[in-house]
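Heads up: the structure comes next, in structure tokens.
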Amino acid sequence: MFEVLYYEKEDGTKPAEEYLLSEDVKLQAKMSREILLLEEFGNLLREPHSKPLEDGIFELRARVGTDISRVLYFFVIGKKIILTNGFRKKTEKTPQDVIDIAKKYRDDYIKRYGEGENKV
């Protein structure tokens with residue numbers, strides 16, 4: 001079992017959590033189910049639920065009707081997964097700026113907490 005946590009910025013905000021709470025109830029429920037699968041399967045979770053993007057950043061995928069939601073994440077040593085940010089998908093490809101934000105948050109997380117067993 002993996003531990004899934006929300007990345008927390010220095011000001012206390014949690015971008016991925018805020019994104020999910022801004023979505024409608026059906027999409028929130030669907031993404032909650034995907035997060036449970038991520039907790040259970042971690043790095044074994046594959047498409048259509050999860051997809052590697054680049055440089056250790058992955059996306060968790062949820063769809064309700066025509067609404068497509070993504071939450072980006074990365075792994076840390078100790079069976080931890082950190083959810084960084086999310087977005088409503090409107091294009092075929094995940095926008096590079098969204099991936100860059102996830103990388104920035106990952107770098108900040110590692111700078112503050114390291115890659116090991118430290119708690120958020």
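Convention: chains lettered A, B, ... in structure tokens order; per-chain residue numbering from 1; ligands numbered from 1 as shown.
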All residues 8 Å or closer to range 81-87 of chain A, only C-alpha atoms, same chain fewer than 3 positions away omitted, as a VMD selection string: chain A and resid 2 to 7 14 to 17 19 to 20 42 69 to 76 98 101 to 102 105 to 106
Please provide as a compact mmCIF listing (two decimals) with N, CA and C atoms, in the first residue's frame all residues within 12 Å of Lys90 in chain A, with the sequence filter that same-chain residues fewer than 3 positions apart are discarded (counting only C-alpha atoms).
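Here's the written file result-v9.txt:
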# COMPACT_ATOMS: atom_id res chain seq x y z
N ARG A 63 -12.41 10.57 -16.05
CA ARG A 63 -13.31 11.10 -17.07
C ARG A 63 -14.76 10.85 -16.62
N THR A 66 -17.93 13.96 -21.08
CA THR A 66 -16.91 14.61 -21.91
C THR A 66 -15.90 15.39 -21.07
N ASP A 67 -16.09 15.42 -19.75
CA ASP A 67 -15.16 16.12 -18.86
C ASP A 67 -13.99 15.21 -18.52
N ILE A 68 -12.79 15.70 -18.78
CA ILE A 68 -11.58 14.94 -18.52
C ILE A 68 -10.74 15.71 -17.52
N SER A 69 -10.38 15.04 -16.44
CA SER A 69 -9.61 15.67 -15.38
C SER A 69 -8.29 14.93 -15.19
N ARG A 70 -7.25 15.68 -14.86
CA ARG A 70 -5.94 15.10 -14.61
C ARG A 70 -5.35 15.69 -13.34
N PHE A 87 -5.70 19.76 -13.51
CA PHE A 87 -6.29 20.62 -14.54
C PHE A 87 -7.38 19.86 -15.28
N LYS A 93 -2.80 16.82 -25.84
CA LYS A 93 -1.57 16.66 -25.08
C LYS A 93 -1.63 17.45 -23.78
N THR A 94 -1.01 16.91 -22.73
CA THR A 94 -0.93 17.65 -21.47
C THR A 94 -0.04 18.88 -21.69
N PRO A 95 -0.55 20.07 -21.36
CA PRO A 95 0.23 21.30 -21.58
C PRO A 95 1.56 21.28 -20.83
Chain A: residues DSSP assigns to helix (DSSP H, G or I), reported as a ChimeraX atom specification: /A:15-22,25-44,96-113
Can you tell me which residues surround Phe41 in chain A at a distance of at most 10 Å, considering only C-alpha atoms, apart from same-chain residues fewer than 5 positions away, and format the answer as a PyMOL selection string? chain A and resi 1-2+35-36+46
Writer output for current selection, C-alpha atoms, as a short mmCIF file (atom, residue, chain, number, x, y, z; two decimals), in the first residue's frame:
data_model
loop_
_atom_site.label_atom_id
_atom_site.label_comp_id
_atom_site.auth_asym_id
_atom_site.auth_seq_id
_atom_site.Cartn_x
_atom_site.Cartn_y
_atom_site.Cartn_z
CA MET A 1 0.00 0.00 0.00
CA PHE A 2 1.23 3.49 -0.89
CA ILE A 35 -6.61 8.02 -5.90
CA LEU A 36 -7.67 4.86 -4.04
CA ARG A 46 -1.16 1.87 -15.75
#
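Minimum atom-to-atom distances from A:Glu10, A:Asp97, A:Asp107, A:Glu115 to Ile77 in chain A were compared using only C-alpha atoms, and the lowest value belongs to A:Glu115.
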